[in-house]
$ cat query-v3.csv   # CSV, C-alpha atoms and all ligand atoms
chain,number,residue,atom,x,y,z
O,1,ALA,CA,-44.8,-104.6,-45.1
O,2,GLY,CA,-48.5,-104.4,-44.4
O,3,SER,CA,-50.5,-101.8,-42.4
O,4,LEU,CA,-47.5,-101.0,-40.2
O,5,ARG,CA,-45.6,-99.8,-43.3
O,6,ARG,CA,-48.6,-97.8,-44.4
O,7,HIS,CA,-48.7,-96.2,-40.9
O,8,LYS,CA,-52.3,-97.1,-40.2
O,9,GLU,CA,-53.7,-95.8,-36.9
O,10,LEU,CA,-54.5,-99.4,-35.9
O,11,ILE,CA,-52.7,-102.5,-36.9
O,12,ARG,CA,-53.7,-106.1,-36.3
O,13,ASP,CA,-50.2,-107.7,-36.7
O,14,ILE,CA,-46.7,-107.0,-37.9
O,15,ASP,CA,-45.7,-108.3,-41.3
O,16,ILE,CA,-42.0,-108.6,-42.1
O,17,LEU,CA,-40.7,-109.4,-45.5
O,18,VAL,CA,-37.2,-110.5,-46.2
O,19,SER,CA,-35.5,-111.6,-49.3
O,20,ALA,CA,-32.8,-114.3,-49.2
O,21,GLU,CA,-31.7,-117.4,-51.0
O,22,GLN,CA,-31.4,-119.3,-47.7
O,23,ALA,CA,-34.2,-119.0,-45.2
O,24,THR,CA,-33.3,-121.5,-42.5
O,25,LYS,CA,-31.0,-119.3,-40.5
O,26,ILE,CA,-33.4,-116.3,-40.7
O,27,MET,CA,-36.3,-118.4,-39.5
O,28,ASP,CA,-34.2,-119.9,-36.6
O,29,THR,CA,-33.3,-116.4,-35.4
O,30,PHE,CA,-36.8,-115.0,-35.8
O,31,THR,CA,-38.5,-117.8,-33.8
O,32,THR,CA,-35.9,-117.6,-31.0
O,33,LEU,CA,-35.9,-113.8,-30.4
O,34,PRO,CA,-36.1,-112.8,-26.7
O,35,GLN,CA,-39.4,-111.0,-27.4
O,36,VAL,CA,-41.1,-114.2,-28.6
O,37,ALA,CA,-43.8,-115.6,-26.3
O,38,LYS,CA,-45.1,-118.3,-28.6
O,39,VAL,CA,-44.2,-119.8,-32.0
O,40,ASN,CA,-47.4,-120.4,-34.0
O,41,ALA,CA,-45.8,-121.7,-37.2
O,42,LYS,CA,-42.3,-122.3,-38.5
O,43,GLY,CA,-41.6,-123.0,-42.2
O,44,ASN,CA,-39.3,-122.3,-45.0
O,45,THR,CA,-41.2,-119.4,-46.5
O,46,LYS,CA,-43.2,-118.2,-43.5
O,47,SER,CA,-43.1,-118.2,-39.8
O,48,ALA,CA,-45.5,-116.8,-37.3
O,49,ILE,CA,-45.0,-115.8,-33.7
O,50,THR,CA,-46.8,-114.1,-30.9
O,51,LEU,CA,-44.7,-111.4,-29.1
O,52,LYS,CA,-44.7,-111.0,-25.3
O,53,ASN,CA,-46.7,-107.8,-25.7
O,54,GLY,CA,-49.5,-109.9,-27.3
O,55,ILE,CA,-49.0,-108.8,-30.9
O,56,ASN,CA,-48.6,-111.4,-33.7
O,57,ALA,CA,-45.8,-111.1,-36.1
O,58,ASP,CA,-45.3,-112.9,-39.4
O,59,LEU,CA,-42.1,-113.2,-41.3
O,60,ARG,CA,-42.0,-114.2,-44.9
O,61,VAL,CA,-38.8,-115.0,-46.8
O,62,ILE,CA,-38.9,-114.6,-50.6
O,63,LYS,CA,-36.4,-114.9,-53.4
O,64,ASN,CA,-34.3,-111.8,-54.1
O,65,LYS,CA,-35.7,-111.3,-57.6
O,66,GLU,CA,-39.3,-111.4,-56.2
O,67,PHE,CA,-38.7,-108.7,-53.6
O,68,PRO,CA,-40.0,-105.6,-55.3
O,69,TYR,CA,-43.2,-107.4,-56.3
O,70,GLY,CA,-43.6,-109.1,-52.9
O,71,LEU,CA,-43.0,-105.9,-51.0
O,72,GLN,CA,-45.6,-104.1,-53.1
O,73,HIS,CA,-48.1,-106.9,-52.7
O,74,PHE,CA,-47.7,-107.5,-49.0
O,75,SER,CA,-47.8,-103.7,-48.2
O,76,GLY,CA,-51.4,-103.5,-49.4
O,77,SER,CA,-53.9,-102.1,-49.0
O,78,LYS,CA,-56.1,-104.7,-50.6
O,79,GLU,CA,-58.2,-102.0,-52.2
O,80,HIS,CA,-55.1,-100.4,-53.7
O,81,ASN,CA,-53.8,-103.7,-55.0
O,82,VAL,CA,-57.1,-104.6,-56.6
O,83,ALA,CA,-57.2,-101.3,-58.5
O,84,LEU,CA,-53.6,-101.8,-59.5
O,85,ARG,CA,-54.1,-105.3,-60.8
O,86,SER,CA,-57.0,-104.2,-62.9
O,87,ARG,CA,-54.9,-101.4,-64.3
O,88,ALA,CA,-52.2,-103.9,-65.2
O,89,LYS,CA,-54.8,-106.1,-66.8
O,90,LYS,CA,-56.0,-103.3,-69.0
O,91,MET,CA,-52.4,-102.8,-70.1
O,92,GLY,CA,-52.2,-106.5,-71.1
O,93,LEU,CA,-50.1,-107.4,-68.1
O,94,LYS,CA,-50.5,-109.7,-65.1
O,95,MET,CA,-49.5,-108.8,-61.6
O,96,ASN,CA,-49.1,-110.8,-58.4
O,97,GLU,CA,-46.7,-111.2,-55.5
O,98,TYR,CA,-44.1,-113.0,-57.7
O,99,GLY,CA,-43.8,-110.5,-60.5
O,100,LEU,CA,-45.3,-108.4,-63.2
O,101,PHE,CA,-45.7,-110.5,-66.4
O,102,LYS,CA,-46.4,-110.0,-70.1
O,103,GLY,CA,-47.6,-113.4,-71.0
O,104,LYS,CA,-45.2,-115.7,-69.3
O,105,LYS,CA,-42.3,-113.2,-69.4
O,106,LEU,CA,-41.3,-111.4,-66.2
O,107,ILE,CA,-40.9,-107.6,-66.6
O,108,VAL,CA,-37.8,-107.0,-64.5
O,109,CYS,CA,-38.1,-104.3,-61.8
O,110,LYS,CA,-35.2,-103.4,-59.4
O,111,ASN,CA,-37.5,-101.8,-56.9
O,112,GLU,CA,-41.1,-100.7,-56.2
O,113,ALA,CA,-40.6,-97.4,-57.9
O,114,GLU,CA,-39.8,-99.2,-61.2
O,115,LEU,CA,-42.8,-101.4,-60.7
O,116,TYR,CA,-45.1,-98.4,-60.5
O,117,GLN,CA,-43.2,-96.9,-63.5
O,118,LYS,CA,-44.0,-99.9,-65.6
O,119,LEU,CA,-47.6,-99.3,-64.8
O,120,LYS,CA,-47.2,-95.7,-66.0
O,121,LEU,CA,-47.5,-94.3,-62.6
O,122,ASP,CA,-45.4,-92.1,-60.4
O,123,TYR,CA,-44.1,-93.9,-57.2
O,124,ILE,CA,-46.9,-94.0,-54.7
O,125,PRO,CA,-45.7,-93.9,-51.1
O,126,PRO,CA,-47.1,-96.7,-48.9
O,127,GLU,CA,-49.1,-94.3,-46.7
O,128,LEU,CA,-51.3,-93.3,-49.7
O,129,ARG,CA,-52.1,-96.8,-50.9
O,130,GLU,CA,-55.8,-96.9,-50.0
O,131,ASN,CA,-57.4,-96.4,-53.4
O,132,THR,CA,-58.7,-93.0,-52.5
O,133,GLY,CA,-57.5,-91.2,-55.5
O,134,GLU,CA,-53.8,-91.9,-55.3
O,135,ILE,CA,-53.7,-94.0,-58.5
O,136,GLU,CA,-55.4,-91.2,-60.6
O,137,ALA,CA,-53.1,-88.6,-59.0
O,138,ALA,CA,-50.0,-90.7,-59.8
O,139,GLU,CA,-51.1,-91.1,-63.4
O,140,LYS,CA,-51.4,-87.3,-63.8
O,141,HIS,CA,-48.1,-86.6,-61.8
O,142,GLN,CA,-50.2,-84.9,-59.2
O,143,LEU,CA,-49.2,-86.8,-56.0
O,144,PRO,CA,-48.4,-84.6,-53.1
O,145,LYS,CA,-44.8,-84.3,-52.0
O,146,LEU,CA,-45.4,-85.7,-48.5
O,147,ILE,CA,-44.1,-84.2,-45.3
O,148,GLU,CA,-41.0,-86.0,-43.9
O,149,GLN,CA,-39.6,-86.4,-40.4
O,150,LYS,CA,-36.7,-84.2,-41.2
O,151,ASP,CA,-39.1,-81.3,-42.0
O,152,ILE,CA,-40.2,-81.0,-38.4
O,153,GLN,CA,-38.5,-78.0,-36.7
O,154,GLY,CA,-40.3,-77.8,-33.5
O,155,VAL,CA,-42.6,-79.6,-31.1
O,156,PHE,CA,-46.1,-78.3,-30.1
O,157,HIS,CA,-48.1,-79.2,-27.0
O,158,VAL,CA,-46.1,-80.7,-24.3
O,159,HIS,CA,-46.8,-80.7,-20.6
O,160,SER,CA,-44.6,-80.0,-17.6
O,161,ASN,CA,-44.9,-80.8,-13.9
O,162,TYR,CA,-46.6,-77.4,-13.5
O,163,SER,CA,-49.8,-79.3,-14.5
O,164,ASP,CA,-50.0,-83.1,-14.9
O,165,GLY,CA,-46.6,-83.8,-16.6
O,166,ALA,CA,-43.8,-85.8,-15.0
O,167,ASN,CA,-40.8,-83.6,-16.0
O,168,SER,CA,-39.8,-80.0,-15.5
O,169,ILE,CA,-39.9,-77.5,-18.3
O,170,GLU,CA,-36.1,-77.6,-18.6
O,171,GLU,CA,-36.0,-81.4,-18.8
O,172,MET,CA,-38.7,-81.3,-21.6
O,173,ALA,CA,-36.8,-78.6,-23.4
O,174,ARG,CA,-33.4,-80.4,-23.1
O,175,GLN,CA,-35.0,-83.6,-24.5
O,176,CYS,CA,-36.4,-81.6,-27.5
O,177,MET,CA,-32.9,-80.1,-28.1
O,178,LYS,CA,-31.3,-83.6,-27.9
O,179,MET,CA,-33.7,-84.7,-30.6
O,180,GLY,CA,-32.6,-81.9,-32.8
O,181,PHE,CA,-35.7,-79.6,-32.5
O,182,LYS,CA,-35.3,-75.8,-32.5
O,183,TYR,CA,-38.3,-74.9,-30.3
O,184,MET,CA,-41.0,-76.3,-28.1
O,185,VAL,CA,-44.5,-75.0,-27.3
O,186,LEU,CA,-45.3,-75.7,-23.7
O,187,ALA,CA,-49.1,-76.2,-23.1
O,188,ASP,CA,-50.0,-77.1,-19.6
O,189,HIS,CA,-53.6,-77.3,-18.5
O,190,SER,CA,-55.8,-74.2,-17.7
O,191,GLN,CA,-57.4,-73.3,-14.4
O,192,SER,CA,-60.7,-75.3,-14.8
O,193,ALA,CA,-58.8,-78.5,-15.2
O,194,PHE,CA,-58.4,-79.0,-11.5
O,195,TYR,CA,-58.0,-82.7,-11.9
O,196,ALA,CA,-54.8,-82.0,-13.9
O,197,ASN,CA,-53.5,-79.3,-11.6
O,198,GLY,CA,-54.5,-76.6,-14.1
O,199,LEU,CA,-52.8,-73.2,-13.7
O,200,LYS,CA,-54.3,-70.3,-11.8
O,201,PRO,CA,-53.1,-66.9,-12.9
O,202,ALA,CA,-50.4,-66.6,-10.2
O,203,ARG,CA,-48.8,-69.9,-11.1
O,204,LEU,CA,-49.0,-68.9,-14.8
O,205,LYS,CA,-47.0,-65.8,-14.0
O,206,LYS,CA,-44.4,-67.9,-12.3
O,207,GLN,CA,-44.2,-70.3,-15.3
O,208,HIS,CA,-43.8,-67.4,-17.7
O,209,LYS,CA,-40.9,-66.0,-15.7
O,210,GLU,CA,-39.3,-69.4,-15.6
O,211,ILE,CA,-39.6,-69.7,-19.4
O,212,ASP,CA,-38.0,-66.3,-19.9
O,213,GLN,CA,-35.1,-67.3,-17.7
O,214,LEU,CA,-34.7,-70.6,-19.5
O,215,ASN,CA,-34.8,-68.9,-22.9
O,216,LYS,CA,-31.8,-66.8,-21.8
O,217,LYS,CA,-30.0,-69.9,-20.6
O,218,LEU,CA,-30.7,-72.4,-23.5
O,219,LYS,CA,-28.6,-71.5,-26.6
O,220,GLY,CA,-30.2,-72.0,-30.0
O,221,PHE,CA,-33.5,-73.2,-28.6
O,222,LYS,CA,-36.7,-71.4,-27.8
O,223,ILE,CA,-39.5,-72.3,-25.4
O,224,LEU,CA,-42.8,-70.7,-26.5
O,225,LYS,CA,-45.6,-70.0,-24.1
O,226,GLY,CA,-48.7,-72.0,-24.8
O,227,ILE,CA,-51.7,-73.2,-22.8
O,228,GLU,CA,-54.1,-76.2,-23.3
O,229,CYS,CA,-57.1,-74.0,-22.5
O,230,ASP,CA,-60.4,-75.6,-21.7
O,231,ILE,CA,-63.3,-74.6,-23.9
O,232,LEU,CA,-66.1,-74.1,-21.3
O,233,PRO,CA,-69.5,-75.6,-22.0
O,234,ASN,CA,-70.8,-72.1,-23.2
O,235,GLY,CA,-67.9,-71.8,-25.7
O,236,GLN,CA,-65.9,-69.4,-23.6
O,237,LEU,CA,-62.2,-69.9,-23.0
O,238,ASP,CA,-60.9,-70.6,-19.5
O,239,TYR,CA,-59.2,-67.2,-19.0
O,240,PRO,CA,-60.0,-63.6,-19.7
O,241,ASP,CA,-58.5,-61.9,-22.7
O,242,GLU,CA,-55.8,-60.1,-20.7
O,243,ILE,CA,-54.4,-63.4,-19.7
O,244,LEU,CA,-54.9,-65.1,-23.1
O,245,LYS,CA,-52.9,-62.4,-24.8
O,246,THR,CA,-49.8,-63.3,-22.8
O,247,PHE,CA,-49.5,-66.7,-24.7
O,248,ASP,CA,-47.8,-67.3,-28.0
O,249,TYR,CA,-50.3,-70.2,-28.7
O,250,VAL,CA,-53.6,-71.0,-27.2
O,251,PHE,CA,-54.8,-74.6,-27.7
O,252,GLY,CA,-58.5,-74.9,-27.3
O,253,ALA,CA,-59.6,-78.2,-25.7
O,254,ILE,CA,-62.8,-80.0,-24.9
O,255,HIS,CA,-62.4,-81.9,-21.7
O,256,THR,CA,-65.9,-81.7,-20.2
O,257,LYS,CA,-69.5,-82.4,-21.2
O,258,PHE,CA,-68.7,-84.9,-23.9
O,259,LYS,CA,-72.4,-85.9,-24.1
O,260,MET,CA,-73.6,-82.6,-25.6
O,261,PRO,CA,-75.7,-83.0,-28.7
O,262,GLU,CA,-73.7,-82.6,-32.0
O,263,LYS,CA,-75.2,-79.2,-32.8
O,264,GLU,CA,-74.3,-77.7,-29.4
O,265,MET,CA,-70.9,-79.2,-29.3
O,266,THR,CA,-70.1,-77.8,-32.8
O,267,GLU,CA,-71.4,-74.4,-31.8
O,268,ARG,CA,-69.4,-74.5,-28.6
O,269,ILE,CA,-66.1,-75.1,-30.5
O,270,ILE,CA,-66.9,-72.6,-33.2
O,271,LYS,CA,-67.7,-70.0,-30.6
O,272,ALA,CA,-64.3,-70.6,-28.9
O,273,MET,CA,-62.6,-70.2,-32.3
O,274,GLN,CA,-64.0,-66.8,-32.6
O,275,ASN,CA,-61.8,-65.6,-29.8
O,276,LYS,CA,-58.9,-63.8,-31.4
O,277,TYR,CA,-56.4,-65.4,-29.0
O,278,PHE,CA,-57.5,-68.9,-29.9
O,279,SER,CA,-54.8,-70.5,-32.1
O,280,ILE,CA,-55.2,-74.3,-32.4
O,281,LEU,CA,-58.0,-76.8,-31.8
O,282,THR,CA,-56.4,-79.7,-29.9
O,283,HIS,CA,-57.7,-83.4,-30.1
O,284,PRO,CA,-60.7,-82.2,-32.1
O,285,THR,CA,-63.0,-85.2,-31.4
O,286,GLY,CA,-61.7,-86.5,-28.0
O,287,ARG,CA,-61.6,-90.1,-29.2
O,288,LEU,CA,-59.4,-92.7,-27.7
O,289,LEU,CA,-58.8,-95.5,-30.2
O,290,LEU,CA,-60.4,-98.8,-29.1
O,291,SER,CA,-61.7,-97.3,-25.9
O,292,ARG,CA,-63.7,-94.1,-26.3
O,293,GLU,CA,-65.8,-93.0,-29.2
O,294,PRO,CA,-65.4,-89.4,-30.4
O,295,TYR,CA,-67.9,-86.9,-29.0
O,296,PRO,CA,-70.6,-85.9,-31.5
O,297,VAL,CA,-69.3,-83.0,-33.6
O,298,ASN,CA,-69.7,-81.8,-37.1
O,299,LEU,CA,-66.1,-81.7,-38.3
O,300,GLU,CA,-66.9,-80.3,-41.7
O,301,LYS,CA,-68.4,-77.2,-40.0
O,302,VAL,CA,-65.5,-77.0,-37.6
O,303,ILE,CA,-62.9,-77.1,-40.4
O,304,LYS,CA,-64.8,-74.5,-42.4
O,305,ALA,CA,-64.9,-72.3,-39.3
O,306,ALA,CA,-61.2,-72.8,-38.7
O,307,ALA,CA,-60.6,-71.7,-42.3
O,308,LYS,CA,-62.8,-68.6,-41.8
O,309,TYR,CA,-61.2,-67.5,-38.6
O,310,GLY,CA,-57.6,-68.5,-39.5
O,311,LYS,CA,-57.2,-71.2,-36.9
O,312,ALA,CA,-55.1,-74.4,-37.0
O,313,ILE,CA,-56.2,-77.9,-36.1
O,314,GLU,CA,-54.0,-80.4,-34.3
O,315,ILE,CA,-53.2,-84.0,-35.1
O,316,ASN,CA,-52.7,-85.3,-31.5
O,317,CYS,CA,-49.9,-87.8,-32.0
O,318,ASN,CA,-50.5,-89.8,-28.9
O,319,PRO,CA,-51.0,-93.3,-30.3
O,320,GLN,CA,-54.3,-93.7,-28.4
O,321,ARG,CA,-55.7,-90.6,-30.1
O,322,PHE,CA,-54.3,-89.8,-33.6
O,323,ASP,CA,-57.0,-87.1,-33.6
O,324,LEU,CA,-57.6,-85.3,-36.1
O,325,ASP,CA,-58.2,-88.5,-38.0
O,326,TRP,CA,-56.1,-88.7,-41.2
O,327,ARG,CA,-59.3,-89.0,-43.3
O,328,TRP,CA,-60.1,-85.4,-42.4
O,329,CYS,CA,-56.7,-84.0,-43.1
O,330,LYS,CA,-57.3,-83.8,-46.8
O,331,VAL,CA,-60.5,-81.8,-46.1
O,332,ALA,CA,-58.6,-79.5,-43.8
O,333,LYS,CA,-55.9,-79.1,-46.5
O,334,GLU,CA,-58.5,-78.4,-49.2
O,335,ASN,CA,-59.9,-75.7,-47.0
O,336,GLY,CA,-56.5,-74.1,-46.4
O,337,VAL,CA,-56.5,-75.0,-42.7
O,338,LYS,CA,-53.0,-75.6,-41.3
O,339,ILE,CA,-52.2,-78.7,-39.2
O,340,VAL,CA,-50.1,-78.9,-36.1
O,341,LEU,CA,-48.4,-82.1,-35.0
O,342,SER,CA,-48.5,-82.5,-31.2
O,343,PRO,CA,-47.0,-85.4,-29.1
O,344,ASP,CA,-49.1,-84.1,-26.1
O,345,SER,CA,-46.3,-85.6,-24.0
O,346,HIS,CA,-46.5,-85.7,-20.3
O,347,ARG,CA,-42.9,-87.0,-20.0
O,348,ILE,CA,-39.7,-86.9,-21.9
O,349,ASP,CA,-39.9,-90.3,-23.4
O,350,THR,CA,-43.1,-89.7,-25.3
O,351,ILE,CA,-42.0,-86.6,-27.2
O,352,SER,CA,-41.0,-89.0,-30.0
O,353,ASP,CA,-44.7,-89.8,-30.5
O,354,ILE,CA,-44.6,-86.9,-32.9
O,355,TYR,CA,-43.0,-89.2,-35.4
O,356,TYR,CA,-46.1,-91.4,-35.4
O,357,GLY,CA,-48.0,-88.2,-36.2
O,358,VAL,CA,-45.8,-87.6,-39.3
O,359,GLY,CA,-47.0,-91.0,-40.6
O,360,ILE,CA,-50.6,-90.0,-39.9
O,361,ALA,CA,-50.1,-86.7,-41.7
O,362,ARG,CA,-48.6,-88.5,-44.7
O,363,ARG,CA,-51.7,-90.7,-44.8
O,364,GLY,CA,-53.7,-87.4,-44.9
O,365,TRP,CA,-51.8,-86.3,-48.0
O,366,LEU,CA,-50.1,-83.4,-46.1
O,367,GLU,CA,-47.1,-81.7,-47.4
O,368,LYS,CA,-44.4,-79.6,-45.6
O,369,LYS,CA,-46.3,-76.4,-46.2
O,370,ASP,CA,-49.5,-77.7,-44.6
O,371,VAL,CA,-47.9,-78.3,-41.2
O,372,LEU,CA,-46.9,-75.5,-38.8
O,373,ASN,CA,-44.2,-77.5,-37.1
O,374,THR,CA,-42.1,-77.1,-40.3
O,375,GLY,CA,-42.0,-73.3,-39.7
O,376,PRO,CA,-39.9,-71.3,-37.2
O,377,GLY,CA,-42.5,-71.5,-34.4
E,1,ZN,ZN,-56.3,-82.5,-23.5
E,2,ZN,ZN,-52.4,-82.0,-23.4

$ encode --input "query-v3.csv" --output "structure tokens" --more "lines below"
Ligand SMILES: [Zn+2]
Ligand SMILES: [Zn+2]
Amino acid sequence: AGSLRRHKELIRDIDILVSAEQATKIMDTFTTLPQVAKVNAKGNTKSAITLKNGINADLRVIKNKEFPYGLQHFSGSKEHNVALRSRAKKMGLKMNEYGLFKGKKLIVCKNEAELYQKLKLDYIPPELRENTGEIEAAEKHQLPKLIEQKDIQGVFHVHSNYSDGANSIEEMARQCMKMGFKYMVLADHSQSAFYANGLKPARLKKQHKEIDQLNKKLKGFKILKGIECDILPNGQLDYPDEILKTFDYVFGAIHTKFKMPEKEMTERIIKAMQNKYFSILTHPTGRLLLSREPYPVNLEKVIKAAAKYGKAIEINCNPQRFDLDWRWCKVAKENGVKIVLSPDSHRIDTISDIYYGVGIARRGWLEKKDVLNTGPG
């Protein structure tokens, strides 16, 4: 339940909800799991622990018949639930974690979907429950059909040991294949990114040759040629056009001069987008959650420019980034700007970060058609 179920970018704790008629055994198991560092409370309806990684987790046990109402209640958000309860009140009903009532009589619901149905609403997926228009949309049957994990065909923006990645191109590709993807867009660092062993033209040539060979060898899978290309302070890209044109995808990236004033930073990015070989703006604000503020940039102008020049914007799915922020995804969508989900993995075991990105995209109301990873690459 809780913010974890809603795929929020930051969560404070983990809320688990279980329905059972007998709680004792469940509580015993929960409080003696090998991951437990400390038991903060142990009771018949609720126990609380601190995990070895420092995160708190709560477990609640409720009665089977209370489960749909409890799950809805404890999933939040608070804002969504306040709006829902006031809707119920207007319909002459009362709603809390134990049930939906008409007077004293329980209105029986088998699951959450039925609960929403009784409130004359389409089912609202947890990621949308923020009271930002989802209740109105559910009433008018206008909720988006959100993107799902199974819609993802390919992975954009992974690194190899040509720049600062830990694995070879082949290892990254084979991991993607193992995970069921059909293609991978390699995007190592460009030449100015010396700190990340960025690629000079000669090594690029070598890389492209290796990709061509691998594509002959790997059956039913394709490696596309991309680059994470620095956007220089003057808005130019880090290679001349005759090199840029050899890529399938050029990811434009700000890695330097974060302290530029907003107006200049915005112009810098928009100028880069005007290059015809520019394809995708990667980590659009440079933020690192809980540790680095975004650089000053006017995202509205950047999104409008992306629409004008036909460029895509990335949701960087690295859990430290989740950049583009989900709050801006709706704006991108309204402007017809396509989104790309990128794990930005530097090793095989973080390619799966792309699935966190699906949650963020869902929070941003995105559908299959809004996301380039659902296409053939
Ligand atoms: Zn980067
Ligand atoms: Zn990267």

$ closest_residue --input "query-v3.csv" --among "O:Cys229, O:Val82, O:Thr285, O:Trp365" --to "Ala137 in chain O" --atoms "all atoms listed in the file"
O:Trp365

$ atom_distance --input "query-v3.csv" --atom1 "CA of Ala173 in chain O" --atom2 "CA of Val337 in chain O"
27.8 Å

$ atom_distance --input "query-v3.csv" --atom1 "CA of Arg12 in chain O" --atom2 "CA of Pro319 in chain O"
14.4 Å

$ residues_near_ligand --input "query-v3.csv" --ligand "ligand ZN 1 (chain E)" --cutoff "10 Å" --atoms "only C-alpha atoms and all ligand atoms" --output "list in words"
His157, Ala187, Asp188, His189, Ala193, Ala196, Glu228, Cys229, Asp230, Phe251, Gly252, Ala253, Ile254, His255, Thr282, His283, Pro284, Gly286, Asn316 and Asp344 of chain O

$ atom_distance --input "query-v3.csv" --atom1 "CA of Gly43 in chain O" --atom2 "CA of Asn56 in chain O"
16.0 Å

$ closest_residue --input "query-v3.csv" --among "O:Arg174, O:Phe156, O:Lys271, O:Leu244" --to "ligand ZN 2 (chain E)" --atoms "only C-alpha atoms and all ligand atoms"
O:Phe156

$ closest_residue --input "query-v3.csv" --among "O:Ser160, O:Thr374, O:Gln117, O:Gln213" --to "ligand ZN 2 (chain E)" --atoms "only C-alpha atoms and all ligand atoms"
O:Ser160

$ closest_residue --input "query-v3.csv" --among "O:Glu267, O:Glu314, O:Asp238, O:Glu300" --to "ligand ZN 2 (chain E)" --atoms "all atoms listed in the file"
O:Glu314

$ closest_residue --input "query-v3.csv" --among "O:Ile348, O:Met95, O:Ala305, O:Leu186" --to "ligand ZN 2 (chain E)" --atoms "only C-alpha atoms and all ligand atoms"
O:Leu186

$ residues_around --input "query-v3.csv" --residues "Tyr355 in chain O" --least-positions-apart "2" --cutoff "10 Å" --atoms "only C-alpha atoms" --output "compact mmCIF listing (two decimals) with C-alpha atoms, in the frame of the given file"
# COMPACT_ATOMS: atom_id res chain seq x y z
CA GLU O 148 -41.00 -86.00 -43.90
CA GLN O 149 -39.60 -86.40 -40.40
CA LYS O 150 -36.70 -84.20 -41.20
CA ILE O 152 -40.20 -81.00 -38.40
CA CYS O 317 -49.90 -87.80 -32.00
CA ASN O 318 -50.50 -89.80 -28.90
CA LEU O 341 -48.40 -82.10 -35.00
CA SER O 342 -48.50 -82.50 -31.20
CA PRO O 343 -47.00 -85.40 -29.10
CA ILE O 351 -42.00 -86.60 -27.20
CA SER O 352 -41.00 -89.00 -30.00
CA ASP O 353 -44.70 -89.80 -30.50
CA GLY O 357 -48.00 -88.20 -36.20
CA VAL O 358 -45.80 -87.60 -39.30
CA GLY O 359 -47.00 -91.00 -40.60
CA ILE O 360 -50.60 -90.00 -39.90
CA ALA O 361 -50.10 -86.70 -41.70

$ residues_near_point --input "query-v3.csv" --point "(-47.9, -98.3, -57.2)" --cutoff "9 Å" --atoms "all atoms listed in the file" --output "compact mmCIF listing (two decimals) with C-alpha atoms, in the frame of the given file"
# COMPACT_ATOMS: atom_id res chain seq x y z
CA GLN O 72 -45.60 -104.10 -53.10
CA HIS O 80 -55.10 -100.40 -53.70
CA ASN O 81 -53.80 -103.70 -55.00
CA LEU O 84 -53.60 -101.80 -59.50
CA GLU O 112 -41.10 -100.70 -56.20
CA ALA O 113 -40.60 -97.40 -57.90
CA LEU O 115 -42.80 -101.40 -60.70
CA TYR O 116 -45.10 -98.40 -60.50
CA GLN O 117 -43.20 -96.90 -63.50
CA LEU O 119 -47.60 -99.30 -64.80
CA LEU O 121 -47.50 -94.30 -62.60
CA ASP O 122 -45.40 -92.10 -60.40
CA TYR O 123 -44.10 -93.90 -57.20
CA ILE O 124 -46.90 -94.00 -54.70
CA PRO O 125 -45.70 -93.90 -51.10
CA PRO O 126 -47.10 -96.70 -48.90
CA ARG O 129 -52.10 -96.80 -50.90
CA GLU O 134 -53.80 -91.90 -55.30
CA ILE O 135 -53.70 -94.00 -58.50
CA ALA O 138 -50.00 -90.70 -59.80
